[in-house]
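Asker: File name work.cif; file contents mmCIF, C-alpha atoms; full text below.
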data_protein
#
loop_
_atom_site.label_atom_id
_atom_site.label_comp_id
_atom_site.auth_asym_id
_atom_site.auth_seq_id
_atom_site.Cartn_x
_atom_site.Cartn_y
_atom_site.Cartn_z
CA MET A 1 67.16 137.10 100.97
CA SER A 2 70.62 136.73 99.44
CA THR A 3 73.47 134.95 101.14
CA GLU A 4 76.47 137.04 102.15
CA PHE A 5 79.84 135.43 101.56
CA CYS A 6 83.32 136.00 102.90
CA VAL A 7 86.62 135.49 101.13
CA VAL A 8 88.74 132.83 102.82
CA MET A 9 92.32 131.67 102.36
CA ASN A 10 94.24 128.57 103.42
CA ASP A 11 97.90 128.06 104.38
CA GLU A 12 98.79 127.52 100.71
CA THR A 13 97.43 131.02 99.94
CA GLN A 14 94.60 129.54 97.90
CA TYR A 15 91.37 131.55 97.98
CA SER A 16 87.72 130.60 98.08
CA ILE A 17 84.39 131.98 99.22
CA TRP A 18 82.30 130.71 102.11
CA PRO A 19 78.81 131.57 103.36
CA ARG A 20 79.26 134.13 106.13
CA ASN A 21 76.68 132.47 108.39
CA ARG A 22 78.59 129.16 108.54
CA ASP A 23 81.66 128.17 110.52
CA LEU A 24 84.84 128.11 108.47
CA PRO A 25 86.19 124.67 107.56
CA ALA A 26 89.42 123.53 109.18
CA GLY A 27 92.51 125.05 107.59
CA TRP A 28 90.78 128.18 106.27
CA ARG A 29 90.74 131.72 107.68
CA GLY A 30 88.89 134.86 106.77
CA THR A 31 90.65 137.61 104.83
CA GLY A 32 88.38 140.41 106.00
CA PHE A 33 86.49 140.81 102.73
CA ALA A 34 82.78 139.99 102.57
CA GLY A 35 79.86 140.75 100.27
CA THR A 36 77.83 139.19 97.52
CA ARG A 37 79.07 136.08 95.76
CA GLU A 38 79.94 138.18 92.72
CA SER A 39 81.85 140.85 94.66
CA CYS A 40 83.83 138.18 96.54
CA LEU A 41 84.77 136.45 93.28
CA GLU A 42 85.81 139.79 91.76
CA HIS A 43 87.96 140.48 94.84
CA ILE A 44 89.64 137.08 94.49
CA ASP A 45 90.36 137.81 90.81
CA THR A 46 92.15 140.96 91.94
CA VAL A 47 94.20 139.58 94.83
CA TRP A 48 94.98 135.99 93.78
CA THR A 49 97.65 136.68 91.21
CA ASP A 50 99.76 133.55 91.73
CA MET A 51 97.78 130.31 91.51
CA CYS A 52 100.79 128.24 92.55
CA PRO A 53 100.43 126.86 96.10
CA ALA A 54 102.78 128.55 98.58
CA SER A 55 104.61 125.28 99.27
CA LEU A 56 105.65 125.04 95.61
CA ARG A 57 106.70 128.64 94.95
CA GLY A 58 110.36 128.89 94.11
CA LYS A 59 110.83 125.12 93.89
CA GLU A 60 110.90 125.12 90.08
CA ASN A 61 114.20 127.03 90.35
CA ASP A 62 115.65 124.40 92.70
CA GLN A 63 115.69 121.69 90.05
#
Please express the file's structure as structure tokens.

Answerer:
Amino acid sequence: MSTEFCVVMNDETQYSIWPRNRDLPAGWRGTGFAGTRESCLEHIDTVWTDMCPASLRGKENDQ
């Protein structure tokens, strides 16, 4: 039996995967994508194009 994972995201728009059969940790929410570990990681590679946390985006121009 293989574990099914879901793609999760936090308020900083950082992504991770989480076993689908476990409660999400505080501060994380599901994105609606689920599958094998590999398919979830491939999905993250596609959608997570800016690794900078949301709270820091645009601040480098403020200096």

Asker: Running the PyMOL selection byres ((chain A and resi 34) around 10) on this model by hand, what would come out? Give it as a ChimeraX atom specification.

Answerer: /A:4-8,17-20,30-33,35-37,39-40,43

Asker: Using only C-alpha atoms, which of the listed residues (A:Ser2, A:Ser16, A:Ser55, A:Asn10) sits closest to Trp28 in chain A?

Answerer: A:Asn10

Asker: Quick check on the file I pasted: which residues fall under the PyMOL selection byres ((chain A and resi 53) around 10)? Write them as a list in words.

Answerer: Asn10, Asp11, Glu12, Thr13, Gln14, Asp50, Met51, Cys52, Ala54, Ser55, Leu56 and Arg57 of chain A
